[in-house]
Amino acid sequence: MEQISLNYEASAGDTHKQTVSELPLEVVQCLENARFLHLATCVDNQPHVSLMNYTYLPSSPYSSMPVIVMTTNPASKKTNNLLVNPNVSLLVHDWSSHRPPTQGRRASGGSPGPEHRSSLASMLINLNTSAISSISATINGTATLIPAGSAEEKYYRDQHLENNTFDSEGVFSFNRQPQSDLEDGGREHFVAGEEVQVILVHIRDIRTSDWKGGVRDWVIASEVGGPRINGAG
């Protein structure tokens, strides 16, 4: 396979920037395929990154623009950061995330030894990886903390709960009690808990990167009046 250099395409500035009213299809597919995203917040030049369950909504009764819903503990570091600085960056990708086998195991044991697979198994793995490995998307936006007990909070919480309820093949179902936070992806604790804080991210711009290092930029045209900040109109 032809090796692509790391400087395949300049990425320090805006590349092929487009202004759009909705998310590009490749970004939507990425958001629909992935299970988690990384949420970055920052206060006093101290960044903080969290792994999050999320729900993507192209629109809602409360916004004609695309939004991303998450929930967290009201006393969490990310919540405190958002109260000070609502600007966030999200990273989501649909790449295969497992580490491929290497020729030897590191002293730490972190890299598995080589696995012997049949040619058919290797072909199926390669096909599956090529099917899901497309882009990573960095999404910048403004986070709103939805007021607890409001109709808006109930709507987004219900949407988020429904999106993070999985069948027997996806880990969780309503008819089975989770045995641990790891087993249900944290759903019972971080999504369904009565005390969770609903976070709504209004998307401002997106940058995608493909496996060759090619990047593209999009800016979401703002709705009239702009997004609210921490519940304020």
# chains A, B, ... in the order shown; residues from 1 in each chain; ligands from 1
call {"tool": "residues_around", "arguments": {"residues": "Ala137 in chain A", "least_positions_apart": "2", "cutoff": "7 Å", "atoms": "only C-alpha atoms", "output": "list in words"}}
result
Val27, Leu91, Val92, His93, Ile135, Ile139, Ile206, Arg207, Thr208 and Ser209 of chain A
call {"tool": "residues_around", "arguments": {"residues": "Pro58 in chain A", "least_positions_apart": "6", "cutoff": "7 Å", "atoms": "only C-alpha atoms", "output": "list in words"}}
result
Met65, Pro66 and Val67 of chain A
call {"tool": "write_last_selection", "arguments": {"atoms": "C-alpha atoms", "output": "PDB file, in the first residue's frame"}}
result
ATOM      1  CA  MET A  65     -30.068  23.056  14.313  1.00  0.00           C
ATOM      2  CA  PRO A  66     -28.124  19.818  14.962  1.00  0.00           C
ATOM      3  CA  VAL A  67     -27.208  19.198  18.613  1.00  0.00           C
TER       4      VAL A  67
END
call {"tool": "residues_around", "arguments": {"residues": "Ser59 in chain A", "least_positions_apart": "5", "cutoff": "12 Å", "atoms": "only C-alpha atoms", "output": "ChimeraX atom specification"}}
result
/A:21-23,64-69,156,159,202-203,223
call {"tool": "select_by_dssp", "arguments": {"residues": "range 26-67 of chain A", "states": "strand (DSSP E or B)", "output": "list in words"}}
result
Phe36, Leu37, His38, Leu39, Ala40, Thr41, Cys42, Val43, Gln46, Pro47, His48, Val49, Ser50, Leu51, Met52, Asn53, Thr55, Tyr56, Leu57, Ser60, Ser63 and Val67 of chain A
call {"tool": "closest_residue", "arguments": {"among": "A:Pro86, A:Gly214, A:Pro61, A:Pro47", "to": "Gly141 in chain A", "atoms": "only C-alpha atoms"}}
result
A:Pro86
call {"tool": "residues_around", "arguments": {"residues": "Glu32 in chain A", "least_positions_apart": "5", "cutoff": "9 Å", "atoms": "only C-alpha atoms", "output": "count of residues only"}}
result
4
call {"tool": "closest_residue", "arguments": {"among": "A:Ile220, A:Leu51, A:Met70, A:Leu200", "to": "Asn87 in chain A", "atoms": "only C-alpha atoms"}}
result
A:Leu200
call {"tool": "closest_residue", "arguments": {"among": "A:Leu83, A:Val88, A:Tyr155, A:His48", "to": "Tyr62 in chain A", "atoms": "only C-alpha atoms"}}
result
A:Tyr155
call {"tool": "closest_residue", "arguments": {"among": "A:Met52, A:Leu37, A:Leu25, A:Val198", "to": "Ala148 in chain A", "atoms": "only C-alpha atoms"}}
result
A:Val198
call {"tool": "atom_distance", "arguments": {"atom1": "CA of Arg35 in chain A", "atom2": "CA of Gly149 in chain A"}}
result
26.9 Å
call {"tool": "atom_distance", "arguments": {"atom1": "CA of Asp217 in chain A", "atom2": "CA of Thr19 in chain A"}}
result
8.8 Å
call {"tool": "atom_distance", "arguments": {"atom1": "CA of Ala75 in chain A", "atom2": "CA of Arg204 in chain A"}}
result
26.2 Å
call {"tool": "closest_residue", "arguments": {"among": "A:Asn164, A:Thr72, A:Gln46, A:Asn140", "to": "Gln197 in chain A", "atoms": "only C-alpha atoms"}}
result
A:Thr72
call {"tool": "closest_residue", "arguments": {"among": "A:Ile146, A:Val196, A:Leu90, A:Val215", "to": "Val49 in chain A", "atoms": "only C-alpha atoms"}}
result
A:Leu90
